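Here's data-v3.txt, which has compact mmCIF, C-alpha atoms:
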```
# COMPACT_ATOMS: atom_id res chain seq x y z
CA MET A 1 84.94 -22.78 -115.19
CA PHE A 2 85.80 -22.16 -111.54
CA LYS A 3 82.14 -21.42 -110.78
CA LYS A 4 81.12 -24.71 -112.37
CA ILE A 5 83.66 -26.67 -110.32
CA TRP A 6 82.58 -24.86 -107.15
CA ALA A 7 78.95 -25.61 -107.88
CA TRP A 8 79.81 -29.29 -108.36
CA VAL A 9 81.80 -29.31 -105.09
CA THR A 10 78.93 -27.67 -103.20
CA ALA A 11 76.37 -30.05 -104.65
CA ASN A 12 78.48 -33.10 -103.70
CA ARG A 13 80.01 -31.71 -100.54
CA LYS A 14 79.01 -34.59 -98.30
CA VAL A 15 80.35 -37.35 -100.58
CA ILE A 16 83.58 -35.44 -101.21
CA LEU A 17 84.17 -34.82 -97.50
CA ILE A 18 83.50 -38.41 -96.49
CA THR A 19 85.76 -39.77 -99.28
CA PHE A 20 88.47 -37.25 -98.41
CA GLU A 21 88.34 -38.08 -94.70
CA LEU A 22 88.30 -41.84 -95.26
CA PHE A 23 91.24 -41.62 -97.67
CA TRP A 24 93.40 -39.73 -95.20
CA VAL A 25 92.39 -41.94 -92.28
CA VAL A 26 93.52 -44.97 -94.31
CA VAL A 27 96.77 -43.19 -95.25
CA PHE A 28 97.37 -42.28 -91.61
CA LEU A 29 96.74 -45.85 -90.43
CA LEU A 30 98.96 -47.35 -93.13
CA ASP A 31 101.71 -44.89 -92.27
CA ARG A 32 101.45 -45.86 -88.61
CA VAL A 33 101.79 -49.53 -89.54
CA SER A 34 104.84 -48.78 -91.71
CA ASN A 35 106.56 -46.63 -89.13
CA THR A 36 105.83 -48.55 -85.95
CA HIS A 37 108.99 -50.12 -84.56
CA SER A 38 109.40 -53.58 -85.97
CA VAL A 39 112.15 -56.07 -86.74
CA GLU A 40 113.51 -55.35 -90.20
CA ILE A 41 114.15 -58.56 -92.08
CA PRO A 42 116.81 -57.88 -94.69
CA GLN A 43 115.81 -59.00 -98.12
CA PHE A 44 117.92 -58.96 -101.25
CA ILE A 45 115.66 -58.76 -104.26
CA TYR A 46 116.99 -58.41 -107.76
CA VAL A 47 115.04 -60.53 -110.15
CA LYS A 48 111.71 -61.44 -108.59
CA PHE A 49 109.70 -58.31 -108.04
CA MET B 1 74.55 -43.67 -108.33
CA LYS B 2 76.84 -43.13 -111.33
CA LYS B 3 77.24 -39.49 -110.36
CA ARG B 4 78.20 -40.45 -106.81
CA ALA B 5 80.76 -42.98 -108.04
CA GLY B 6 82.25 -40.35 -110.34
CA THR B 7 82.48 -37.89 -107.43
CA ILE B 8 84.22 -40.48 -105.26
CA LEU B 9 86.68 -41.32 -108.03
CA LEU B 10 87.50 -37.68 -108.70
CA THR B 11 87.99 -37.03 -104.97
CA LEU B 12 90.26 -40.06 -104.66
CA LEU B 13 92.25 -38.88 -107.66
CA ALA B 14 92.71 -35.45 -106.07
CA CYS B 15 93.75 -37.09 -102.79
CA LEU B 16 96.27 -39.31 -104.61
CA VAL B 17 97.79 -36.25 -106.29
CA MET B 18 98.06 -34.56 -102.88
CA LEU B 19 99.65 -37.68 -101.37
CA GLU B 20 102.10 -37.97 -104.28
CA LEU B 21 103.17 -34.32 -103.90
CA GLY B 22 103.36 -34.61 -100.11
CA LEU B 23 105.50 -37.75 -100.17
CA ARG B 24 107.89 -36.23 -102.68
CA ALA B 25 108.07 -33.01 -100.62
CA ILE B 26 109.22 -34.98 -97.54
CA GLY B 27 111.80 -36.88 -99.61
CA ARG B 28 109.99 -40.18 -100.08
CA SER B 29 110.72 -40.66 -103.76
CA PRO B 30 109.53 -43.64 -105.82
CA THR B 31 111.70 -46.64 -105.19
CA ASN B 32 112.51 -50.05 -106.52
CA MET B 33 115.29 -52.52 -105.85
CA ALA B 34 116.02 -52.70 -109.54
CA ASP B 35 118.70 -50.94 -111.49
CA GLY B 36 117.93 -50.92 -115.21
CA ILE B 37 121.48 -51.65 -116.34
CA ALA B 38 121.03 -55.31 -117.20
CA ASP B 39 121.51 -56.88 -120.61
CA GLN B 40 120.08 -60.16 -121.88
CA TYR B 41 122.70 -62.91 -121.61
CA GLY B 42 121.28 -66.14 -123.04
CA ASP B 43 118.44 -66.99 -120.70
CA SER B 44 120.16 -65.03 -117.94
CA PHE B 45 121.43 -61.45 -117.57
CA ARG B 46 124.62 -59.47 -117.16
CA LEU B 47 125.58 -55.77 -117.11
CA LYS B 48 125.36 -53.66 -120.24
CA LYS B 49 128.69 -52.69 -121.78
CA ASN B 50 129.91 -49.09 -121.64
CA VAL B 51 127.05 -47.54 -119.67
CA SER B 52 127.07 -44.76 -117.14
CA LYS B 53 124.04 -44.40 -114.92
CA LEU B 54 123.13 -42.49 -111.78
CA MET B 55 121.11 -44.79 -109.53
CA ARG B 56 118.63 -42.99 -107.31
CA PHE B 57 117.06 -44.72 -104.35
CA PRO B 58 115.73 -43.25 -101.10
CA ALA B 59 118.47 -45.16 -99.25
CA PHE B 60 121.32 -43.97 -101.45
CA SER B 61 122.40 -42.52 -104.78
CA TYR B 62 125.42 -43.75 -106.64
CA THR B 63 126.87 -43.94 -110.11
CA VAL B 64 127.59 -47.08 -112.08
CA HIS B 65 130.04 -47.13 -114.96
CA THR B 66 130.72 -50.26 -116.95
CA ASP B 67 133.72 -50.87 -119.17
CA GLU B 68 134.03 -52.43 -122.63
CA PHE B 69 133.68 -55.91 -121.13
CA GLY B 70 130.44 -55.02 -119.30
CA PHE B 71 132.06 -55.08 -115.84
CA ARG B 72 131.62 -52.42 -113.19
CA ASP B 73 134.58 -50.06 -113.41
CA ARG B 74 135.96 -46.65 -112.51
CA ALA B 75 134.91 -45.22 -115.89
CA VAL B 76 133.23 -46.15 -119.14
CA GLY B 77 135.43 -47.35 -121.98
CA ALA B 78 138.28 -49.59 -123.03
CA ARG B 79 140.53 -51.51 -120.63
CA ASP B 80 143.89 -52.34 -122.09
CA LEU B 81 144.97 -55.44 -120.21
CA THR B 82 147.25 -56.89 -122.85
CA GLY B 83 150.51 -57.95 -121.22
CA ARG B 84 149.36 -56.64 -117.85
CA LYS B 85 148.88 -58.60 -114.69
CA PHE B 86 145.31 -58.43 -113.48
CA CYS B 87 142.99 -60.06 -110.99
CA ALA B 88 139.23 -60.61 -111.11
CA PHE B 89 136.63 -60.37 -108.36
CA LEU B 90 133.65 -62.71 -108.58
CA GLY B 91 130.52 -62.32 -106.49
CA ALA B 92 127.09 -60.78 -106.20
CA SER B 93 125.69 -57.40 -105.20
CA ASP B 94 127.93 -56.98 -102.16
CA VAL B 95 130.99 -57.33 -104.41
CA PHE B 96 129.40 -55.23 -107.16
CA GLY B 97 129.23 -52.47 -104.54
CA ASN B 98 125.50 -51.84 -104.40
CA GLY B 99 124.86 -48.38 -102.99
CA VAL B 100 128.35 -46.89 -103.35
CA ASP B 101 130.44 -45.39 -106.13
CA PHE B 102 133.16 -47.65 -107.56
CA GLU B 103 135.93 -45.81 -105.68
CA ASP B 104 134.05 -46.33 -102.40
CA SER B 105 133.34 -50.03 -102.97
CA PHE B 106 135.76 -52.47 -101.39
CA VAL B 107 136.82 -53.65 -104.85
CA GLY B 108 137.48 -50.00 -105.75
CA VAL B 109 139.52 -49.46 -102.57
CA PHE B 110 141.51 -52.62 -103.34
CA ALA B 111 141.92 -51.59 -107.01
CA GLY B 112 143.36 -48.22 -105.93
CA GLU B 113 146.10 -49.90 -103.89
CA ALA B 114 146.63 -52.72 -106.40
CA SER B 115 147.32 -50.29 -109.27
CA LYS B 116 150.20 -48.80 -107.25
CA ARG B 117 151.67 -52.31 -107.20
CA GLY B 118 151.17 -52.88 -110.93
CA LEU B 119 148.10 -55.06 -110.57
CA GLU B 120 144.93 -54.26 -112.53
CA VAL B 121 141.53 -55.22 -111.16
CA LEU B 122 138.35 -56.38 -112.91
CA ASN B 123 135.07 -56.59 -111.04
CA LEU B 124 132.88 -59.24 -112.66
CA ALA B 125 130.31 -59.21 -109.85
CA VAL B 126 126.65 -58.64 -110.73
CA GLY B 127 123.80 -58.19 -108.24
CA GLY B 128 121.58 -61.27 -108.34
CA HIS B 129 124.19 -63.59 -109.86
CA TYR B 130 124.92 -66.98 -108.33
CA PHE B 131 128.31 -68.78 -108.35
CA LEU B 132 127.43 -70.59 -111.59
CA ASP B 133 126.42 -67.33 -113.34
CA GLN B 134 129.73 -65.79 -112.34
CA GLU B 135 131.73 -68.83 -113.37
CA PHE B 136 130.05 -68.80 -116.78
CA LEU B 137 130.70 -65.06 -117.17
CA LEU B 138 134.39 -65.54 -116.26
CA LYS B 139 134.90 -68.40 -118.71
CA ASP B 140 133.08 -66.47 -121.44
CA PHE B 141 135.30 -63.44 -120.82
CA MET B 142 138.47 -65.56 -120.93
CA LYS B 143 137.37 -67.27 -124.14
CA ASN B 144 136.34 -64.08 -125.97
CA SER B 145 139.17 -61.82 -124.83
CA GLY B 146 141.97 -64.40 -124.76
CA LEU B 147 142.96 -62.94 -121.38
CA THR B 148 143.56 -64.88 -118.18
CA PRO B 149 143.59 -63.28 -114.75
CA ALA B 150 146.61 -63.91 -112.56
CA SER B 151 144.35 -64.18 -109.53
CA ILE B 152 140.69 -64.66 -108.79
CA PHE B 153 139.01 -63.45 -105.62
CA LEU B 154 135.95 -65.64 -105.24
CA CYS B 155 133.77 -63.74 -102.78
CA ILE B 156 131.37 -65.94 -100.91
CA ASN B 157 128.55 -65.09 -98.55
CA ALA B 158 125.96 -66.98 -96.50
CA LEU B 159 123.21 -66.10 -98.93
CA HIS B 160 124.80 -67.90 -101.85
CA ILE B 161 126.36 -71.03 -100.35
CA PRO B 162 122.96 -72.78 -99.96
CA LYS B 163 122.28 -72.00 -103.64
CA PHE B 164 125.72 -72.98 -104.95
CA ASP B 165 124.28 -75.21 -107.69
CA ARG B 166 121.67 -72.73 -108.90
CA ARG B 167 121.94 -70.32 -111.78
CA ASN B 168 119.66 -67.68 -113.25
CA ARG B 169 117.47 -69.11 -115.99
CA ASN B 170 114.27 -68.02 -117.64
CA ILE B 171 115.15 -64.35 -117.28
CA ILE B 172 113.87 -61.67 -119.62
CA VAL B 173 115.48 -58.23 -119.71
CA LYS B 174 113.18 -55.32 -120.50
CA ASN B 175 114.43 -51.75 -120.61
CA GLY B 176 117.49 -52.80 -118.60
CA TYR B 177 115.49 -54.63 -115.92
CA ALA B 178 115.96 -58.35 -115.33
CA ILE B 179 112.64 -60.07 -114.63
CA ASP B 180 111.41 -63.66 -114.41
CA ARG B 181 110.03 -64.58 -117.83
CA ASP B 182 106.92 -66.17 -116.28
CA GLY B 183 104.39 -63.39 -115.85
CA TRP B 184 106.93 -60.72 -116.78
CA ARG B 185 104.31 -58.26 -118.08
CA ALA B 186 102.61 -57.79 -114.70
CA ALA B 187 105.99 -57.62 -112.94
CA TYR B 188 107.29 -55.08 -115.46
CA LEU B 189 104.17 -52.94 -115.07
CA ARG B 190 104.54 -52.98 -111.27
CA LEU B 191 108.18 -52.06 -111.68
CA MET B 192 107.41 -49.12 -113.95
CA VAL B 193 104.63 -47.80 -111.69
CA GLY B 194 106.97 -48.24 -108.70
CA ASN B 195 109.57 -46.18 -110.54
CA ILE B 196 107.26 -43.23 -111.15
CA SER B 197 104.78 -43.06 -108.26
CA SER B 198 105.58 -42.40 -104.59
CA ALA B 199 101.92 -42.94 -103.71
CA TYR B 200 102.00 -46.42 -105.27
CA CYS B 201 105.18 -47.26 -103.31
CA PHE B 202 103.55 -45.98 -100.12
CA PHE B 203 100.52 -48.28 -100.47
CA ARG B 204 102.60 -51.21 -101.76
CA ASP B 205 105.08 -51.08 -98.89
CA ALA B 206 102.37 -50.60 -96.25
CA ILE B 207 100.35 -53.55 -97.57
CA ARG B 208 103.48 -55.72 -97.68
CA ARG B 209 104.25 -54.75 -94.10
CA ILE B 210 100.73 -55.67 -92.96
CA GLN B 211 100.87 -59.01 -94.80
CA GLU B 212 104.26 -59.72 -93.29
CA ARG B 213 103.15 -58.83 -89.80
CA TYR B 214 99.60 -60.09 -89.54
CA PHE B 215 98.96 -62.76 -92.17
CA HIS B 216 101.79 -64.88 -93.52
CA PHE B 217 104.86 -64.18 -91.52
CA GLU B 218 106.11 -66.83 -89.14
CA VAL B 219 109.61 -67.96 -88.32
CA GLY B 220 109.93 -71.39 -89.86
CA GLU B 221 109.85 -72.85 -93.33
CA LYS B 222 108.04 -69.80 -94.68
CA SER B 223 110.24 -67.26 -92.93
CA PRO B 224 112.30 -64.88 -95.04
CA GLU B 225 115.41 -66.24 -96.68
CA PHE B 226 117.69 -64.24 -94.42
CA LEU B 227 116.55 -66.23 -91.38
CA GLN B 228 116.33 -69.55 -93.18
CA ILE B 229 119.96 -69.48 -94.25
CA TYR B 230 121.07 -69.34 -90.61
CA SER B 231 118.58 -71.95 -89.39
CA LYS B 232 120.23 -75.09 -88.04
CA GLY B 233 117.60 -77.01 -90.00
CA ASN B 234 118.75 -75.63 -93.37
CA PRO B 235 119.41 -78.50 -95.85
CA ILE B 236 122.90 -77.10 -96.60
CA ARG B 237 123.97 -78.48 -93.21
CA LYS B 238 123.32 -82.05 -94.30
CA PRO B 239 126.61 -83.93 -94.91
CA GLU B 240 125.65 -84.84 -98.50
CA ARG B 241 124.94 -81.16 -99.38
CA ILE B 242 128.22 -80.07 -97.79
CA LYS B 243 130.00 -82.74 -99.85
CA GLU B 244 128.33 -81.49 -103.04
CA PHE B 245 129.29 -77.90 -102.21
CA GLU B 246 132.91 -78.84 -101.60
CA GLU B 247 132.95 -80.85 -104.83
CA TYR B 248 131.76 -77.73 -106.65
CA LEU B 249 134.56 -75.69 -105.08
CA THR B 250 137.07 -78.40 -105.98
CA SER B 251 135.97 -78.36 -109.63
CA PHE B 252 136.44 -74.58 -109.76
CA GLU B 253 139.83 -74.93 -108.07
CA THR B 254 140.83 -77.47 -110.73
CA PHE B 255 139.81 -75.01 -113.47
CA CYS B 256 141.95 -72.30 -111.85
CA ARG B 257 144.91 -74.63 -111.44
CA GLN B 258 144.70 -75.75 -115.07
CA ASN B 259 144.78 -72.10 -116.15
CA ARG B 260 147.52 -71.16 -113.67
CA ILE B 261 145.25 -68.79 -111.81
CA GLU B 262 145.80 -68.11 -108.13
CA LEU B 263 142.47 -68.62 -106.34
CA VAL B 264 141.74 -66.63 -103.19
CA TYR B 265 138.50 -67.09 -101.28
CA VAL B 266 136.95 -64.12 -99.51
CA TYR B 267 134.19 -64.86 -97.02
CA LEU B 268 131.96 -61.81 -96.59
CA PRO B 269 129.47 -61.76 -93.72
CA LEU B 270 126.04 -60.23 -94.32
CA SER B 271 125.68 -56.86 -92.62
CA ASP B 272 122.77 -57.99 -90.45
CA SER B 273 124.40 -61.24 -89.35
CA PHE B 274 125.97 -59.28 -86.47
CA ASP B 275 122.46 -58.58 -85.16
CA LEU B 276 121.06 -62.05 -85.81
CA LYS B 277 120.55 -63.05 -82.16
CA LYS B 278 118.84 -59.76 -81.35
CA MET B 279 116.52 -60.10 -84.34
CA ILE B 280 115.64 -63.70 -83.51
CA LYS B 281 114.78 -62.73 -79.93
CA GLN B 282 112.62 -59.83 -81.12
CA LEU B 283 110.74 -62.23 -83.35
CA GLY B 284 110.09 -64.49 -80.39
CA ALA B 285 112.03 -67.44 -81.79
CA ASN B 286 114.69 -69.55 -80.11
CA PRO B 287 118.22 -68.14 -80.79
CA ASP B 288 119.69 -71.62 -80.22
CA GLU B 289 118.06 -72.78 -83.46
CA TYR B 290 120.09 -70.28 -85.51
CA ASP B 291 123.80 -69.97 -86.09
CA ALA B 292 125.61 -67.21 -88.00
CA THR B 293 129.04 -68.86 -87.87
CA PHE B 294 128.33 -72.04 -89.85
CA TYR B 295 129.28 -70.77 -93.32
CA GLU B 296 132.51 -69.14 -92.20
CA GLU B 297 133.54 -72.36 -90.44
CA LEU B 298 132.61 -74.36 -93.53
CA MET B 299 134.90 -72.19 -95.69
CA ARG B 300 137.70 -72.30 -93.12
CA SER B 301 137.49 -76.09 -93.00
CA HIS B 302 137.49 -76.39 -96.80
CA CYS B 303 140.43 -74.01 -97.24
CA GLU B 304 142.45 -75.85 -94.60
CA LYS B 305 141.91 -79.10 -96.50
CA SER B 306 142.47 -77.70 -99.98
CA GLY B 307 145.33 -75.39 -99.05
CA HIS B 308 143.67 -72.28 -100.49
CA ARG B 309 143.95 -68.85 -99.07
CA LEU B 310 140.87 -67.52 -97.25
CA ILE B 311 140.40 -63.88 -96.31
CA VAL B 312 137.70 -63.13 -93.74
CA PRO B 313 137.06 -59.44 -93.05
CA GLY B 314 134.34 -60.40 -90.53
CA PRO B 315 136.33 -59.63 -87.34
CA ALA B 316 137.21 -56.13 -88.61
CA LEU B 317 133.53 -55.45 -89.33
CA SER B 318 132.45 -57.00 -86.05
CA ARG B 319 134.74 -54.61 -84.15
CA LEU B 320 133.13 -51.65 -85.92
CA HIS B 321 129.68 -53.02 -85.14
CA ASP B 322 130.59 -53.46 -81.47
CA GLU B 323 131.74 -49.83 -81.38
CA GLY B 324 128.21 -48.88 -82.44
CA LYS B 325 129.09 -47.97 -86.01
CA VAL B 326 126.43 -48.44 -88.70
CA LEU B 327 127.59 -50.87 -91.39
CA ARG B 328 124.60 -50.80 -93.77
CA PHE B 329 122.16 -48.45 -95.41
CA LYS B 330 119.06 -47.67 -93.43
CA LEU B 331 116.65 -48.97 -96.06
CA ASP B 332 118.90 -51.55 -97.67
CA PRO B 333 120.99 -54.33 -96.13
CA HIS B 334 124.05 -53.76 -98.32
CA PHE B 335 127.28 -52.50 -96.78
CA ASN B 336 127.66 -48.70 -96.69
CA ALA B 337 130.81 -46.78 -97.69
CA LEU B 338 132.38 -47.15 -94.22
CA ALA B 339 132.02 -50.94 -94.20
CA ASN B 340 133.24 -51.14 -97.80
CA ARG B 341 136.35 -49.14 -96.92
CA VAL B 342 137.11 -51.39 -93.96
CA ILE B 343 136.71 -54.53 -96.13
CA GLY B 344 138.86 -53.02 -98.89
CA GLU B 345 141.64 -52.03 -96.50
CA TYR B 346 141.49 -55.45 -94.84
CA LEU B 347 141.86 -57.13 -98.23
CA VAL B 348 144.86 -54.94 -99.09
CA LYS B 349 146.49 -55.71 -95.74
CA SER B 350 145.80 -59.45 -96.01
CA TYR B 351 146.71 -59.95 -99.65
CA PHE B 352 149.82 -57.84 -100.27
```

What would you get if you wrote out this structure as structure tokens?
Amino acid sequence: MFKKIWAWVTANRKVILITFELFWVVVFLLDRVSNTHSVEIPQFIYVKF
Amino acid sequence: MKKRAGTILLTLLACLVMLELGLRAIGRSPTNMADGIADQYGDSFRLKKNVSKLMRFPAFSYTVHTDEFGFRDRAVGARDLTGRKFCAFLGASDVFGNGVDFEDSFVGVFAGEASKRGLEVLNLAVGGHYFLDQEFLLKDFMKNSGLTPASIFLCINALHIPKFDRRNRNIIVKNGYAIDRDGWRAAYLRLMVGNISSAYCFFRDAIRRIQERYFHFEVGEKSPEFLQIYSKGNPIRKPERIKEFEEYLTSFETFCRQNRIELVYVYLPLSDSFDLKKMIKQLGANPDEYDATFYEELMRSHCEKSGHRLIVPGPALSRLHDEGKVLRFKLDPHFNALANRVIGEYLVKSYF
């Protein structure tokens, strides 16, 4: 089982690496946007989600 | 091509699992601003009766108990009010005590002192209710229980005065969550996913932040409600709207008088109103176009004319704010336990 998975990973290494890298770059950028100092506008939401 | 797409999907899935685990490990749990303790109430909603629930949010955790009437209380169960003097608090989430245990809410602090003086307290407030929802709930309670409070504390804030003639309609309650009936399935699905997945909340919040910052956000007609309510251009400042608002208050005062209920108004500032000027400047707007004092002055003027008592804990909170104390939760604009205690103690001092 593990050998099969490893063989699949090796065969698709390039696609997996590019997808992995792109995903984490997007996550990093989104996190930067969320954490950068900004004015917090208070919002009270109860019914409309 | 199909094989490549499958590889990408599997990799993304693995990355999402890693992100989910990572976010949870650093304490960023799934979050929603909902509570799951609502009950269908006609086409509106109210709190379920006799429930006890631990509410978990990243900003805070607290426990909600409701009594036999479906009001937030110290504990689940019966309230024997027969022959006892009691008062009722009406309001929204700030009066409900969002974010704090009952004992730490200002109503709870007041109730603790009131019970020593032989006065029982009921908290009818529900997060998301307007004045009309609360008035209906009060009248329904009086009709069904045959009980009449000796006093009513009508708690008013800047968020609700402009919407004084609105009430919740077209609400559907699913699994304890109150949702707009129109398109409720999609909203309910988003709510459920938001309740179980940190990764979903991460992407949702980041996308909202980007939309807010780069696409739609501008101070003006489309600006968030918090800023609009303090805008000098808000329709509530028109003389005819003020007249309608005061007529509404007068009709409620007449109801109280007819039932021999003492009516006390409590004007509660919003936690962020103390920082309004700073926020407006940071947004690049003109601070002269906004005014945080209008609603308090409106209530003062009305109470002077009508001869009703008005309690304003604003100055006590403002002093704390000026001392650099934090009055709200970091991720939620509701008052924290410190601010609630100060409001509760101020009410005790002012009322008794």

Proximity of chain B to chain A: per-residue shortest pair, 8 Å limit, all atoms listed in the file, as CSV:
```
residue,atom,partner,partner_atom,distance
B:Arg4,CA,A:Val15,CA,7.3
B:Thr7,CA,A:Ile16,CA,6.8
B:Ile8,CA,A:Thr19,CA,6.2
B:Thr11,CA,A:Ile16,CA,6.0
B:Leu12,CA,A:Thr19,CA,7.0
B:Cys15,CA,A:Phe20,CA,6.9
B:Met33,CA,A:Tyr46,CA,6.4
B:Ala34,CA,A:Tyr46,CA,6.1
B:Gly127,CA,A:Tyr46,CA,6.8
B:Gly128,CA,A:Tyr46,CA,5.4
B:Ala178,CA,A:Val47,CA,5.7
B:Ile179,CA,A:Val47,CA,5.1
B:Asp180,CA,A:Lys48,CA,6.2
B:Ala187,CA,A:Phe49,CA,6.2
B:Leu191,CA,A:Phe49,CA,7.4
B:Phe203,CA,A:Leu30,CA,7.6
B:Asp205,CA,A:Ser34,CA,7.5
B:Ala206,CA,A:Ser34,CA,5.5
B:Ile207,CA,A:Leu30,CA,7.8
B:Arg209,CA,A:Ser34,CA,6.5
B:Ile210,CA,A:Val33,CA,7.1
B:Pro224,CA,A:Ile41,CA,7.2
B:Glu225,CA,A:Gln43,CA,7.4
B:Phe226,CA,A:Pro42,CA,6.4
B:Asp272,CA,A:Pro42,CA,7.3
B:Met279,CA,A:Val39,CA,6.4
B:Gln282,CA,A:Val39,CA,6.8
B:Leu283,CA,A:Val39,CA,7.2
B:Asp332,CA,A:Pro42,CA,7.3
B:Pro333,CA,A:Pro42,CA,5.7
```

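For the residues B:Arg237, B:Lys3, B:His160, B:Arg208, ranking by smallest atom-to-atom distance to Pro269 (chain B) using all atoms listed in the file places B:His160 first.
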
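CA of Ala14 (chain B) to CA of Ala199 (chain B) spans 12.1 Å [interatomic distance, one decimal].
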
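One finds CA of Leu81 (chain B) at 21.1 Å from CA of Arg257 (chain B).
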
Mind checking which residues fall within 10 Å of Ala78 (chain B), counting all atoms listed in the file, ignoring those fewer than 4 positions away in the same chain, and posting them as a short mmCIF file (atom, residue, chain, number, x, y, z; two decimals) with C-alpha atoms, in the coordinates of the input?
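File produced: out13.cif:
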```cif
data_model
loop_
_atom_site.label_atom_id
_atom_site.label_comp_id
_atom_site.auth_asym_id
_atom_site.auth_seq_id
_atom_site.Cartn_x
_atom_site.Cartn_y
_atom_site.Cartn_z
CA ASN B 50 129.91 -49.09 -121.64
CA THR B 66 130.72 -50.26 -116.95
CA ASP B 67 133.72 -50.87 -119.17
CA GLU B 68 134.03 -52.43 -122.63
CA PHE B 69 133.68 -55.91 -121.13
#
```

- Task: Tell me, in Å to one decimal, how far CA of Leu138 (chain B) is from CA of Ala150 (chain B).
- Result: 12.9 Å

At a cut-off of 9 Å, using all atoms listed in the file, what residues contact Val264 (chain B)? Leave out same-chain residues fewer than 5 positions from it and give the result as a compact mmCIF listing (two decimals) with C-alpha atoms, in the coordinates of the input.
```txt
# COMPACT_ATOMS: atom_id res chain seq x y z
CA SER B 151 144.35 -64.18 -109.53
CA ILE B 152 140.69 -64.66 -108.79
CA PHE B 153 139.01 -63.45 -105.62
CA LEU B 154 135.95 -65.64 -105.24
CA CYS B 155 133.77 -63.74 -102.78
CA HIS B 308 143.67 -72.28 -100.49
CA ARG B 309 143.95 -68.85 -99.07
CA LEU B 310 140.87 -67.52 -97.25
CA ILE B 311 140.40 -63.88 -96.31
```

- How would you write as a PyMOL selection string the residues that get within 10 Å of (123.6, -68.0, -121.1) in the file's frame, counting all atoms listed in the file? chain B and resi 40-46+133+136-137+140+167-171

Residues within 12 Å of Pro235 (chain B), all atoms listed in the file, excluding chain neighbours under 3 positions, as a CSV table (one decimal) with C-alpha atoms, in the frame of the given file:
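Writing done, so here's around.csv:
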```csv
chain,number,residue,atom,x,y,z
B,161,ILE,CA,126.4,-71.0,-100.4
B,162,PRO,CA,123.0,-72.8,-100.0
B,163,LYS,CA,122.3,-72.0,-103.6
B,221,GLU,CA,109.8,-72.8,-93.3
B,228,GLN,CA,116.3,-69.6,-93.2
B,229,ILE,CA,120.0,-69.5,-94.2
B,230,TYR,CA,121.1,-69.3,-90.6
B,231,SER,CA,118.6,-72.0,-89.4
B,232,LYS,CA,120.2,-75.1,-88.0
B,238,LYS,CA,123.3,-82.0,-94.3
B,239,PRO,CA,126.6,-83.9,-94.9
B,240,GLU,CA,125.6,-84.8,-98.5
B,241,ARG,CA,124.9,-81.2,-99.4
B,242,ILE,CA,128.2,-80.1,-97.8
B,244,GLU,CA,128.3,-81.5,-103.0
B,245,PHE,CA,129.3,-77.9,-102.2
```

Listed atoms of region 9-18 of chain A boxed along x, y and z, 6 Å each side, centre and edge lengths in Å, one decimal, as JSON:
```
{"center_x": 80.3, "center_y": -33.0, "center_z": -100.8, "size_x": 19.8, "size_y": 22.7, "size_z": 20.6}
```

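For the residues B:Leu227, B:Val107, B:Cys87, B:Leu189, ranking by smallest atom-to-atom distance to Glu345 (chain B) using all atoms listed in the file places B:Val107 first.
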
Using the incomplete input, complete region 304-314 of chain B to the level of N, CA and C atoms; output as a PDB file, keeping the file's coordinate frame.
```
ATOM      1  N   GLU B 304     141.383 -75.121 -95.299  1.00  0.00           N
ATOM      2  CA  GLU B 304     142.450 -75.850 -94.600  1.00  0.00           C
ATOM      3  C   GLU B 304     142.770 -77.147 -95.336  1.00  0.00           C
ATOM      4  N   LYS B 305     141.726 -77.812 -95.788  1.00  0.00           N
ATOM      5  CA  LYS B 305     141.910 -79.100 -96.500  1.00  0.00           C
ATOM      6  C   LYS B 305     142.523 -78.891 -97.880  1.00  0.00           C
ATOM      7  N   SER B 306     142.043 -77.875 -98.585  1.00  0.00           N
ATOM      8  CA  SER B 306     142.470 -77.700 -99.980  1.00  0.00           C
ATOM      9  C   SER B 306     143.738 -76.849-100.111  1.00  0.00           C
ATOM     10  N   GLY B 307     144.110 -76.201 -99.025  1.00  0.00           N
ATOM     11  CA  GLY B 307     145.330 -75.390 -99.050  1.00  0.00           C
ATOM     12  C   GLY B 307     145.150 -74.048 -99.753  1.00  0.00           C
ATOM     13  N   HIS B 308     143.900 -73.582 -99.852  1.00  0.00           N
ATOM     14  CA  HIS B 308     143.670 -72.280-100.490  1.00  0.00           C
ATOM     15  C   HIS B 308     143.596 -71.178 -99.455  1.00  0.00           C
ATOM     16  N   ARG B 309     143.937 -70.011 -99.943  1.00  0.00           N
ATOM     17  CA  ARG B 309     143.950 -68.850 -99.070  1.00  0.00           C
ATOM     18  C   ARG B 309     142.511 -68.373 -98.831  1.00  0.00           C
ATOM     19  N   LEU B 310     142.197 -68.040 -97.580  1.00  0.00           N
ATOM     20  CA  LEU B 310     140.870 -67.520 -97.250  1.00  0.00           C
ATOM     21  C   LEU B 310     141.035 -66.207 -96.496  1.00  0.00           C
ATOM     22  N   ILE B 311     140.371 -65.186 -96.988  1.00  0.00           N
ATOM     23  CA  ILE B 311     140.400 -63.880 -96.310  1.00  0.00           C
ATOM     24  C   ILE B 311     139.014 -63.633 -95.712  1.00  0.00           C
ATOM     25  N   VAL B 312     138.986 -63.334 -94.420  1.00  0.00           N
ATOM     26  CA  VAL B 312     137.700 -63.130 -93.740  1.00  0.00           C
ATOM     27  C   VAL B 312     137.700 -61.755 -93.061  1.00  0.00           C
ATOM     28  N   PRO B 313     137.073 -60.770 -93.683  1.00  0.00           N
ATOM     29  CA  PRO B 313     137.060 -59.440 -93.050  1.00  0.00           C
ATOM     30  C   PRO B 313     136.059 -59.312 -91.899  1.00  0.00           C
ATOM     31  N   GLY B 314     135.365 -60.419 -91.577  1.00  0.00           N
ATOM     32  CA  GLY B 314     134.340 -60.400 -90.530  1.00  0.00           C
ATOM     33  C   GLY B 314     134.779 -59.778 -89.215  1.00  0.00           C
TER      34      GLY B 314
END
```
